[in-house]
>>> print(open('model-v4.tsv').read())   # TSV, C-alpha atoms
chain	number	residue	atom	x	y	z
G	180	MET	CA	96.76	110.84	118.84
G	181	PRO	CA	92.93	110.79	118.89
G	182	GLU	CA	90.93	107.73	119.79
G	183	VAL	CA	87.33	106.64	119.54
G	184	SER	CA	85.31	104.09	121.48
G	185	VAL	CA	83.58	101.25	119.63
G	186	PRO	CA	81.88	98.15	121.08
G	187	ALA	CA	85.16	96.17	120.88
G	188	GLY	CA	87.17	98.80	122.77
G	189	ARG	CA	89.19	101.92	121.99
G	190	VAL	CA	90.68	102.55	118.56
G	191	HIS	CA	93.52	105.01	118.03
G	192	TYR	CA	93.78	106.81	114.70
G	193	GLU	CA	95.58	109.63	112.93
G	194	GLU	CA	93.72	112.34	111.02
G	195	PHE	CA	94.83	114.94	108.47
G	196	GLY	CA	92.99	117.50	106.36
G	197	ASP	CA	89.37	118.40	105.77
G	198	GLY	CA	86.81	117.27	103.23
G	199	PRO	CA	85.31	113.97	102.11
G	200	PRO	CA	86.66	111.13	104.27
G	201	VAL	CA	89.34	108.72	103.05
G	202	VAL	CA	90.12	105.87	105.46
G	203	LEU	CA	93.40	104.03	104.92
G	204	LEU	CA	93.87	100.57	106.41
G	205	HIS	CA	96.96	98.45	107.08
G	206	GLY	CA	97.95	94.82	107.54
G	207	LEU	CA	99.20	92.36	110.14
G	208	LEU	CA	101.96	93.56	112.49
G	209	MET	CA	101.75	97.09	111.06
G	210	ASP	CA	100.16	100.38	112.01
G	211	HIS	CA	99.14	103.62	110.30
G	212	THR	CA	102.78	104.57	109.63
G	213	VAL	CA	102.83	102.19	106.66
G	214	TRP	CA	101.27	105.17	104.80
G	215	ASP	CA	103.85	107.76	105.93
G	216	ALA	CA	105.56	108.10	102.53
G	217	VAL	CA	102.24	108.48	100.67
G	218	LEU	CA	100.41	110.98	102.88
G	219	PRO	CA	102.49	114.08	101.94
G	220	LEU	CA	101.81	113.34	98.26
G	221	LEU	CA	98.03	113.09	98.49
G	222	PRO	CA	95.79	115.93	97.34
G	223	GLU	CA	94.31	118.49	99.70
G	224	GLY	CA	90.57	118.76	100.08
G	225	HIS	CA	90.09	115.39	101.77
G	226	ARG	CA	89.97	114.18	105.35
G	227	TYR	CA	92.45	111.32	105.72
G	228	LEU	CA	91.87	108.97	108.66
G	229	LEU	CA	94.21	106.10	109.55
G	230	PRO	CA	92.99	103.75	112.30
G	231	ASP	CA	95.37	101.40	114.08
G	232	LEU	CA	93.62	98.07	113.66
G	233	PRO	CA	94.08	95.38	116.36
G	234	LEU	CA	96.53	93.37	114.25
G	235	GLY	CA	99.48	93.35	116.65
G	236	ALA	CA	100.98	96.84	116.39
G	237	HIS	CA	98.07	98.73	117.96
G	238	PRO	CA	98.83	100.89	121.02
G	239	ILE	CA	95.90	99.95	123.29
G	240	PRO	CA	94.48	96.43	123.77
G	241	LEU	CA	90.88	95.74	122.88
G	242	ASN	CA	88.25	94.50	125.32
G	243	THR	CA	88.78	90.99	126.62
G	244	ASP	CA	85.68	89.71	124.81
G	245	ALA	CA	86.39	91.49	121.50
G	246	ASP	CA	85.91	89.38	118.37
G	247	LEU	CA	89.20	89.64	116.49
G	248	SER	CA	88.43	87.26	113.66
G	249	ASN	CA	88.37	88.70	110.15
G	250	GLU	CA	84.65	89.28	110.50
G	251	GLY	CA	85.03	90.77	113.96
G	252	ILE	CA	87.61	93.31	112.81
G	253	ALA	CA	85.48	94.10	109.75
G	254	HIS	CA	82.64	94.98	112.14
G	255	LEU	CA	85.12	97.09	114.13
G	256	ILE	CA	85.90	99.09	110.97
G	257	ALA	CA	82.19	99.66	110.36
G	258	ASP	CA	81.78	100.69	114.01
G	259	PHE	CA	84.72	103.09	113.63
G	260	LEU	CA	83.03	104.77	110.64
G	261	GLU	CA	79.77	104.96	112.58
G	262	ALA	CA	81.37	106.34	115.77
G	263	LEU	CA	82.89	109.22	113.77
G	264	ASP	CA	79.73	109.57	111.66
G	265	LEU	CA	81.71	109.22	108.43
G	266	ARG	CA	79.66	108.97	105.24
G	267	GLY	CA	80.58	108.50	101.61
G	268	VAL	CA	83.92	107.05	102.72
G	269	THR	CA	86.66	106.07	100.29
G	270	LEU	CA	87.97	102.93	102.01
G	271	VAL	CA	91.54	101.99	101.09
G	272	HIS	CA	92.65	98.40	101.76
G	273	SER	CA	96.14	96.94	101.93
G	274	ASP	CA	97.53	93.50	102.89
G	275	TRP	CA	94.80	92.46	105.33
G	276	GLY	CA	91.57	92.04	103.39
G	277	GLY	CA	88.98	91.68	106.15
G	278	GLY	CA	87.55	95.09	105.36
G	279	LEU	CA	86.46	93.70	102.01
G	280	LEU	CA	83.91	91.57	103.87
G	281	LEU	CA	81.78	94.57	104.79
G	282	THR	CA	79.45	94.17	101.82
G	283	ALA	CA	78.85	90.51	102.67
G	284	LEU	CA	78.20	91.52	106.30
G	285	ASP	CA	75.75	94.25	105.20
G	286	ARG	CA	77.92	96.91	106.90
G	287	ASP	CA	79.03	98.94	103.86
G	288	GLU	CA	76.33	101.61	103.96
G	289	ARG	CA	78.87	104.33	104.85
G	290	ILE	CA	81.32	103.37	102.09
G	291	GLY	CA	81.06	105.25	98.82
G	292	ARG	CA	84.18	104.01	97.03
G	293	LEU	CA	86.82	101.30	97.38
G	294	VAL	CA	90.53	101.22	96.69
G	295	ILE	CA	92.10	97.78	96.96
G	296	LEU	CA	95.85	97.41	97.08
G	297	PRO	CA	97.26	93.85	97.24
G	298	SER	CA	95.21	92.22	99.99
G	299	THR	CA	94.06	88.82	101.16
G	300	THR	CA	91.07	87.95	98.98
G	301	PHE	CA	89.04	84.91	97.96
G	302	ASP	CA	90.74	81.74	99.27
G	303	ASN	CA	94.19	83.29	99.75
G	304	PHE	CA	94.13	83.19	103.54
G	305	PRO	CA	96.53	83.06	105.22
G	306	PRO	CA	98.37	84.72	102.32
G	307	GLY	CA	101.48	83.12	100.86
G	308	LEU	CA	104.48	82.03	102.90
G	309	PRO	CA	104.35	85.03	105.29
G	310	GLY	CA	100.74	84.34	106.20
G	311	LYS	CA	101.30	80.64	106.69
G	312	ALA	CA	104.41	81.31	108.79
G	313	ALA	CA	102.45	83.71	110.99
G	314	THR	CA	99.67	81.16	111.48
G	315	VAL	CA	102.17	78.47	112.53
G	316	ALA	CA	104.08	80.87	114.79
G	317	ALA	CA	100.86	81.82	116.58
G	318	ARG	CA	100.47	78.22	117.70
G	319	LEU	CA	104.01	77.82	119.00
G	320	PRO	CA	105.67	79.18	122.15
G	321	GLY	CA	108.20	81.99	121.90
G	322	LEU	CA	106.20	84.68	120.09
G	323	THR	CA	108.16	87.48	121.76
G	324	LEU	CA	111.45	85.93	120.67
G	325	GLY	CA	110.15	85.68	117.12
G	326	LEU	CA	109.09	89.33	117.13
G	327	ARG	CA	112.51	90.37	118.36
G	328	ALA	CA	114.13	88.31	115.60
G	329	MET	CA	112.19	90.27	112.98
G	330	ARG	CA	114.11	93.36	114.06
G	331	ILE	CA	117.20	91.77	112.52
G	332	GLY	CA	117.36	92.80	108.85
G	333	ALA	CA	118.69	89.49	107.53
G	334	VAL	CA	115.89	87.62	109.30
G	335	ARG	CA	113.16	90.11	108.37
G	336	ARG	CA	114.10	89.91	104.68
G	337	LEU	CA	113.53	86.15	104.50
G	338	PRO	CA	110.75	85.25	102.01
G	339	ILE	CA	108.68	83.62	104.76
G	340	LEU	CA	108.62	86.90	106.71
G	341	PHE	CA	108.75	90.37	105.13
G	342	GLY	CA	111.11	89.61	102.24
G	343	ARG	CA	108.26	89.63	99.69
G	344	MET	CA	106.17	92.20	101.49
G	345	ALA	CA	108.37	95.22	100.67
G	346	HIS	CA	111.74	95.86	99.10
G	347	ASP	CA	112.93	97.45	102.33
G	348	ILE	CA	111.44	98.02	105.77
G	349	PRO	CA	113.71	100.23	107.90
G	350	ASP	CA	114.92	98.90	111.24
G	351	ALA	CA	113.25	101.76	113.09
G	352	THR	CA	109.90	100.99	111.46
G	353	MET	CA	110.06	97.32	112.39
G	354	ARG	CA	111.08	98.15	115.95
G	355	ALA	CA	108.04	100.41	116.23
G	356	TRP	CA	105.69	97.83	114.71
G	357	THR	CA	106.86	95.04	117.02
G	358	ARG	CA	107.17	97.10	120.22
G	359	PRO	CA	103.51	96.90	121.34
G	360	ALA	CA	103.30	93.10	121.14
G	361	ILE	CA	106.73	92.65	122.73
G	362	GLU	CA	106.09	94.99	125.64
G	363	ASP	CA	102.38	94.50	126.35
G	364	PRO	CA	101.01	90.99	127.01
G	365	LEU	CA	97.48	92.18	126.24
G	366	ILE	CA	98.54	93.32	122.77
G	367	ARG	CA	100.11	89.86	122.29
G	368	ARG	CA	96.78	88.40	123.42
G	369	ASP	CA	94.96	90.39	120.72
G	370	LEU	CA	97.49	89.38	118.06
G	371	LEU	CA	97.21	85.71	118.97
G	372	LYS	CA	93.43	85.88	119.15
G	373	HIS	CA	93.35	87.14	115.57
G	374	ALA	CA	95.99	84.72	114.29
G	375	ARG	CA	94.29	81.74	115.92
G	376	ALA	CA	90.73	82.65	114.90
G	377	PRO	CA	89.06	79.90	112.84
G	378	PHE	CA	88.41	80.55	109.18
G	379	ASP	CA	86.92	78.74	106.22
G	380	ARG	CA	88.40	79.51	102.80
G	381	ALA	CA	85.14	78.67	101.04
G	382	VAL	CA	83.27	81.12	103.27
G	383	LEU	CA	85.90	83.82	102.74
G	384	THR	CA	85.65	83.30	98.98
G	385	ARG	CA	81.86	83.72	99.07
G	386	GLN	CA	82.20	86.81	101.24
G	387	THR	CA	84.69	88.34	98.82
G	388	GLU	CA	82.44	87.53	95.88
G	389	ALA	CA	79.66	89.48	97.59
G	390	LEU	CA	81.50	92.57	96.30
G	391	HIS	CA	79.54	92.11	93.07
G	392	GLY	CA	76.82	93.92	95.01
G	393	PHE	CA	78.98	96.97	95.73
G	394	THR	CA	77.86	99.66	93.30
G	395	GLY	CA	80.35	102.43	94.04
G	396	ASP	CA	83.48	103.24	92.07
G	397	ALA	CA	86.38	100.91	92.81
G	398	LEU	CA	90.08	101.02	91.98
G	399	VAL	CA	92.05	97.79	92.20
G	400	LEU	CA	95.67	98.89	92.52
G	401	TRP	CA	97.46	95.55	92.22
G	402	ILE	CA	100.98	94.30	91.45
G	403	ALA	CA	102.45	91.91	88.93
G	404	ASP	CA	104.43	90.04	91.60
G	405	GLY	CA	102.16	87.17	92.60
G	406	ILE	CA	104.25	85.42	95.25
G	407	VAL	CA	102.11	86.49	98.22
G	408	MET	CA	98.98	87.96	96.60
G	409	PRO	CA	98.15	86.16	93.31
G	410	ARG	CA	98.31	88.43	90.29
G	411	GLU	CA	95.07	87.01	88.89
G	412	HIS	CA	93.19	88.12	92.01
G	413	GLY	CA	93.57	91.74	90.92
G	414	ARG	CA	91.83	91.12	87.62
G	415	ARG	CA	89.25	88.92	89.33
G	416	LEU	CA	88.36	91.69	91.78
G	417	ALA	CA	88.14	94.33	89.06
G	418	ASP	CA	85.83	92.09	87.01
G	419	LEU	CA	83.73	91.29	90.07
G	420	LEU	CA	83.10	94.90	91.07
G	421	PRO	CA	80.43	96.49	88.81
G	422	ARG	CA	82.43	99.74	88.58
G	423	GLY	CA	85.88	98.31	89.16
G	424	ARG	CA	89.06	99.33	87.33
G	425	LEU	CA	92.42	97.56	87.48
G	426	VAL	CA	95.82	99.28	87.55
G	427	GLU	CA	98.98	97.21	87.96
G	428	LEU	CA	102.08	98.73	89.52
G	429	PRO	CA	105.50	97.49	88.39
G	430	ASP	CA	108.53	97.00	90.63
G	431	SER	CA	106.57	96.52	93.83
G	432	TYR	CA	105.83	93.85	96.39
G	433	VAL	CA	102.70	93.73	98.56
G	434	LEU	CA	103.29	96.99	100.43
G	435	ALA	CA	103.13	99.17	97.34
G	436	MET	CA	102.70	102.31	99.46
G	437	MET	CA	106.24	101.70	100.76
G	438	ASP	CA	107.82	100.44	97.53
G	439	ARG	CA	106.13	102.94	95.15
G	440	PRO	CA	104.67	105.78	97.23
G	441	ASP	CA	104.81	108.16	94.26
G	442	ALA	CA	102.84	105.84	91.99
G	443	VAL	CA	100.33	104.92	94.71
G	444	ALA	CA	99.75	108.59	95.55
G	445	ALA	CA	99.34	109.48	91.86
G	446	GLU	CA	96.73	106.76	91.29
G	447	LEU	CA	94.87	107.69	94.48
G	448	ALA	CA	94.87	111.34	93.46
G	449	VAL	CA	93.36	110.52	90.06
G	450	PHE	CA	90.76	108.32	91.73
G	451	LEU	CA	89.92	111.02	94.26
G	452	GLY	CA	89.58	113.53	91.46
G	453	ALA	CA	92.58	115.79	92.00
G	454	PRO	CA	96.27	115.94	91.03
G	455	THR	CA	98.97	115.05	93.53
G	456	THR	CA	100.65	117.80	95.51
G	457	SER	CA	104.38	118.32	95.65
G	458	PRO	CA	106.22	116.29	98.30
G	459	GLN	CA	106.72	118.09	101.57
G	460	ALA	CA	110.27	118.95	102.49
>>> encode(input="model-v4.tsv", output="structure tokens")
Amino acid sequence: MPEVSVPAGRVHYEEFGDGPPVVLLHGLLMDHTVWDAVLPLLPEGHRYLLPDLPLGAHPIPLNTDADLSNEGIAHLIADFLEALDLRGVTLVHSDWGGGLLLTALDRDERIGRLVILPSTTFDNFPPGLPGKAATVAARLPGLTLGLRAMRIGAVRRLPILFGRMAHDIPDATMRAWTRPAIEDPLIRRDLLKHARAPFDRAVLTRQTEALHGFTGDALVLWIADGIVMPREHGRRLADLLPRGRLVELPDSYVLAMMDRPDAVAAELAVFLGAPTTSPQA
């Protein structure tokens, strides 16, 4: 697995294909594998890069002094694009919305287009019951015990955890996502640093609204289920972006790439300007 050095530390990533760059992001307590079901369905002719963000499932801890607030990780994304000299990037967001702050931070010069799946936007931070539960858990002892409990399907499927994030997250996937923070105290340090970072909803709202200055094409690929990510935020984002377009996916929770990989891949393929390929055997 390749890695690249940025001011905050080392970032691991996966890479597939050649062509214009498409960078796919993930959310809290996840890694690049959240896109596994979609990748085989995406069109050829693009370079797909999937960084493991320092959100608790990353394989190598960041520097001790790394800023892991939403803004800090947004800068890390911009530094990642710069370190690999990526230009005209299609940046694909999901769940964690800190990457949407890049326009407000004046760090979006390498981004040509945006795709926004259900993500934390405006004042919806921490998002819904899962986000609030994570924020509370980060301030209590016993984080490792809580991570181990999420490996139990009945616990994981509770609405305050992953029950409204995806219809089903396999046991093996959750074991892999929780392993780094369970086994490495420095990964737990990074996770807690992010979860405990101060935030101001009014500031986050203003930073999201700065997207009205993003002039590239944008696809808002939202869902009708508004339990964790409000349904109206999809329309609000599409209206805010000068060249935004809204598509709603039925029968999906937040992690649409896991619940509806076929539909997500089809919409991404149209947006990228090519039809989907046949699934790999």
>>> residues_around(input="model-v4.tsv", residues="region 342-355 of chain G", least_positions_apart="6", cutoff="8 Å", atoms="all atoms listed in the file", output="NGL selection string")
:G and (236 or 329-332 or 335-336 or 406-407 or 431-435 or 437-438)
>>> closest_residue(input="model-v4.tsv", among="G:Ala376, G:Met209, G:Ile361, G:Leu324", to="Ser248 (chain G)", atoms="only C-alpha atoms")
G:Ala376
>>> residues_around(input="model-v4.tsv", residues="Leu370 (chain G)", least_positions_apart="2", cutoff="9 Å", atoms="only C-alpha atoms", output="list in words")
Leu207, Leu208, Pro233, Leu234, Gly235, Ala236, Leu247, Ala317, Ala360, Leu365, Ile366, Arg367, Arg368, Lys372, His373, Ala374 and Arg375 of chain G
>>> residues_around(input="model-v4.tsv", residues="Ala187 (chain G)", least_positions_apart="6", cutoff="10 Å", atoms="all atoms listed in the file", output="MDAnalysis selection string")
chainID G and resid 240:247 251:252 254:255 258
>>> closest_residue(input="model-v4.tsv", among="G:His205, G:Arg318, G:His225, G:Arg358", to="Gly278 (chain G)", atoms="only C-alpha atoms")
G:His205
>>> residues_around(input="model-v4.tsv", residues="region 444-449 of chain G", least_positions_apart="5", cutoff="10 Å", atoms="all atoms listed in the file", output="ChimeraX atom specification")
/G:214,216-223,271,294,398,400,426,428,436,439,454-456
>>> decode(input="model-v4.tsv", residues="region 382-422 of chain G", atoms="N, CA and C atoms", output="mmCIF file, in the first residue's frame")
data_model
loop_
_atom_site.group_PDB
_atom_site.id
_atom_site.type_symbol
_atom_site.label_atom_id
_atom_site.label_comp_id
_atom_site.auth_asym_id
_atom_site.auth_seq_id
_atom_site.Cartn_x
_atom_site.Cartn_y
_atom_site.Cartn_z
ATOM 1 N N VAL G 382 -19.850 28.519 12.692
ATOM 2 C CA VAL G 382 -18.670 28.622 11.830
ATOM 3 C C VAL G 382 -18.711 27.554 10.748
ATOM 4 N N LEU G 383 -19.077 26.317 11.129
ATOM 5 C CA LEU G 383 -19.160 25.242 10.146
ATOM 6 C C LEU G 383 -20.214 25.551 9.083
ATOM 7 N N THR G 384 -21.317 26.161 9.496
ATOM 8 C CA THR G 384 -22.345 26.540 8.525
ATOM 9 C C THR G 384 -21.794 27.563 7.538
ATOM 10 N N ARG G 385 -21.109 28.583 8.041
ATOM 11 C CA ARG G 385 -20.533 29.595 7.146
ATOM 12 C C ARG G 385 -19.493 28.978 6.215
ATOM 13 N N GLN G 386 -18.716 28.049 6.741
ATOM 14 C CA GLN G 386 -17.698 27.413 5.900
ATOM 15 C C GLN G 386 -18.335 26.552 4.813
ATOM 16 N N THR G 387 -19.423 25.870 5.149
ATOM 17 C CA THR G 387 -20.130 25.105 4.123
ATOM 18 C C THR G 387 -20.712 26.046 3.079
ATOM 19 N N GLU G 388 -21.294 27.148 3.512
ATOM 20 C CA GLU G 388 -21.928 28.081 2.584
ATOM 21 C C GLU G 388 -20.928 28.743 1.645
ATOM 22 N N ALA G 389 -19.632 28.669 2.001
ATOM 23 C CA ALA G 389 -18.602 29.203 1.111
ATOM 24 C C ALA G 389 -18.540 28.436 -0.199
ATOM 25 N N LEU G 390 -19.192 27.266 -0.271
ATOM 26 C CA LEU G 390 -19.237 26.497 -1.510
ATOM 27 C C LEU G 390 -19.942 27.248 -2.639
ATOM 28 N N HIS G 391 -20.647 28.325 -2.314
ATOM 29 C CA HIS G 391 -21.252 29.120 -3.393
ATOM 30 C C HIS G 391 -20.173 29.712 -4.289
ATOM 31 N N GLY G 392 -18.932 29.714 -3.805
ATOM 32 C CA GLY G 392 -17.821 30.212 -4.613
ATOM 33 C C GLY G 392 -17.111 29.141 -5.409
ATOM 34 N N PHE G 393 -17.563 27.880 -5.286
ATOM 35 C CA PHE G 393 -16.950 26.798 -6.059
ATOM 36 C C PHE G 393 -17.615 26.750 -7.434
ATOM 37 N N THR G 394 -16.850 26.912 -8.477
ATOM 38 C CA THR G 394 -17.439 27.092 -9.812
ATOM 39 C C THR G 394 -17.401 25.830 -10.674
ATOM 40 N N GLY G 395 -16.842 24.745 -10.155
ATOM 41 C CA GLY G 395 -16.797 23.516 -10.931
ATOM 42 C C GLY G 395 -18.121 22.762 -10.896
ATOM 43 N N ASP G 396 -18.230 21.744 -11.745
ATOM 44 C CA ASP G 396 -19.416 20.890 -11.721
ATOM 45 C C ASP G 396 -19.501 20.173 -10.379
ATOM 46 N N ALA G 397 -20.720 19.945 -9.919
ATOM 47 C CA ALA G 397 -20.918 19.280 -8.629
ATOM 48 C C ALA G 397 -22.150 18.384 -8.696
ATOM 49 N N LEU G 398 -21.992 17.168 -8.207
ATOM 50 C CA LEU G 398 -23.095 16.228 -8.088
ATOM 51 C C LEU G 398 -23.359 15.988 -6.614
ATOM 52 N N VAL G 399 -24.578 16.251 -6.179
ATOM 53 C CA VAL G 399 -24.992 15.957 -4.812
ATOM 54 C C VAL G 399 -25.802 14.670 -4.876
ATOM 55 N N LEU G 400 -25.207 13.594 -4.410
ATOM 56 C CA LEU G 400 -25.808 12.259 -4.489
ATOM 57 C C LEU G 400 -26.326 11.903 -3.108
ATOM 58 N N TRP G 401 -27.548 12.331 -2.817
ATOM 59 C CA TRP G 401 -28.095 12.299 -1.451
ATOM 60 C C TRP G 401 -29.089 11.148 -1.301
ATOM 61 N N ILE G 402 -29.706 11.055 -0.140
ATOM 62 C CA ILE G 402 -30.679 10.007 0.157
ATOM 63 C C ILE G 402 -31.932 10.630 0.754
ATOM 64 N N ALA G 403 -33.033 9.910 0.622
ATOM 65 C CA ALA G 403 -34.294 10.392 1.177
ATOM 66 C C ALA G 403 -34.355 10.200 2.681
ATOM 67 N N ASP G 404 -33.660 9.171 3.207
ATOM 68 C CA ASP G 404 -33.646 8.932 4.647
ATOM 69 C C ASP G 404 -32.897 10.070 5.333
ATOM 70 N N GLY G 405 -33.593 10.789 6.212
ATOM 71 C CA GLY G 405 -32.990 11.968 6.825
ATOM 72 C C GLY G 405 -32.701 11.827 8.300
ATOM 73 N N ILE G 406 -32.560 10.592 8.775
ATOM 74 C CA ILE G 406 -32.359 10.371 10.204
ATOM 75 C C ILE G 406 -31.012 10.898 10.672
ATOM 76 N N VAL G 407 -29.947 10.630 9.906
ATOM 77 C CA VAL G 407 -28.606 11.068 10.294
ATOM 78 C C VAL G 407 -28.191 12.311 9.518
ATOM 79 N N MET G 408 -28.387 12.311 8.202
ATOM 80 C CA MET G 408 -28.071 13.458 7.362
ATOM 81 C C MET G 408 -29.387 14.011 6.812
ATOM 82 N N PRO G 409 -29.811 15.193 7.250
ATOM 83 C CA PRO G 409 -31.127 15.725 6.850
ATOM 84 C C PRO G 409 -31.322 15.731 5.338
ATOM 85 N N ARG G 410 -32.504 15.287 4.919
ATOM 86 C CA ARG G 410 -32.794 15.236 3.490
ATOM 87 C C ARG G 410 -32.688 16.610 2.846
ATOM 88 N N GLU G 411 -33.134 17.645 3.559
ATOM 89 C CA GLU G 411 -33.140 18.986 2.973
ATOM 90 C C GLU G 411 -31.730 19.518 2.728
ATOM 91 N N HIS G 412 -30.720 18.940 3.396
ATOM 92 C CA HIS G 412 -29.358 19.405 3.171
ATOM 93 C C HIS G 412 -28.876 19.071 1.763
ATOM 94 N N GLY G 413 -29.389 17.988 1.183
ATOM 95 C CA GLY G 413 -29.018 17.671 -0.192
ATOM 96 C C GLY G 413 -29.463 18.752 -1.157
ATOM 97 N N ARG G 414 -30.728 19.139 -1.068
ATOM 98 C CA ARG G 414 -31.243 20.197 -1.920
ATOM 99 C C ARG G 414 -30.529 21.517 -1.642
ATOM 100 N N ARG G 415 -30.272 21.783 -0.370
ATOM 101 C CA ARG G 415 -29.614 23.043 0.000
ATOM 102 C C ARG G 415 -28.216 23.122 -0.615
ATOM 103 N N LEU G 416 -27.485 22.018 -0.592
ATOM 104 C CA LEU G 416 -26.154 21.993 -1.198
ATOM 105 C C LEU G 416 -26.230 22.196 -2.704
ATOM 106 N N ALA G 417 -27.155 21.488 -3.358
ATOM 107 C CA ALA G 417 -27.280 21.600 -4.804
ATOM 108 C C ALA G 417 -27.644 23.019 -5.219
ATOM 109 N N ASP G 418 -28.491 23.683 -4.441
ATOM 110 C CA ASP G 418 -28.869 25.065 -4.745
ATOM 111 C C ASP G 418 -27.724 26.033 -4.473
ATOM 112 N N LEU G 419 -26.899 25.691 -3.489
ATOM 113 C CA LEU G 419 -25.787 26.555 -3.106
ATOM 114 C C LEU G 419 -24.681 26.544 -4.151
ATOM 115 N N LEU G 420 -24.379 25.380 -4.685
ATOM 116 C CA LEU G 420 -23.300 25.238 -5.655
ATOM 117 C C LEU G 420 -23.746 25.784 -7.011
ATOM 118 N N PRO G 421 -22.996 26.704 -7.619
ATOM 119 C CA PRO G 421 -23.433 27.319 -8.879
ATOM 120 C C PRO G 421 -23.718 26.308 -9.987
ATOM 121 N N ARG G 422 -22.988 25.178 -9.991
ATOM 122 C CA ARG G 422 -23.194 24.167 -11.035
ATOM 123 C C ARG G 422 -23.540 22.824 -10.395
#
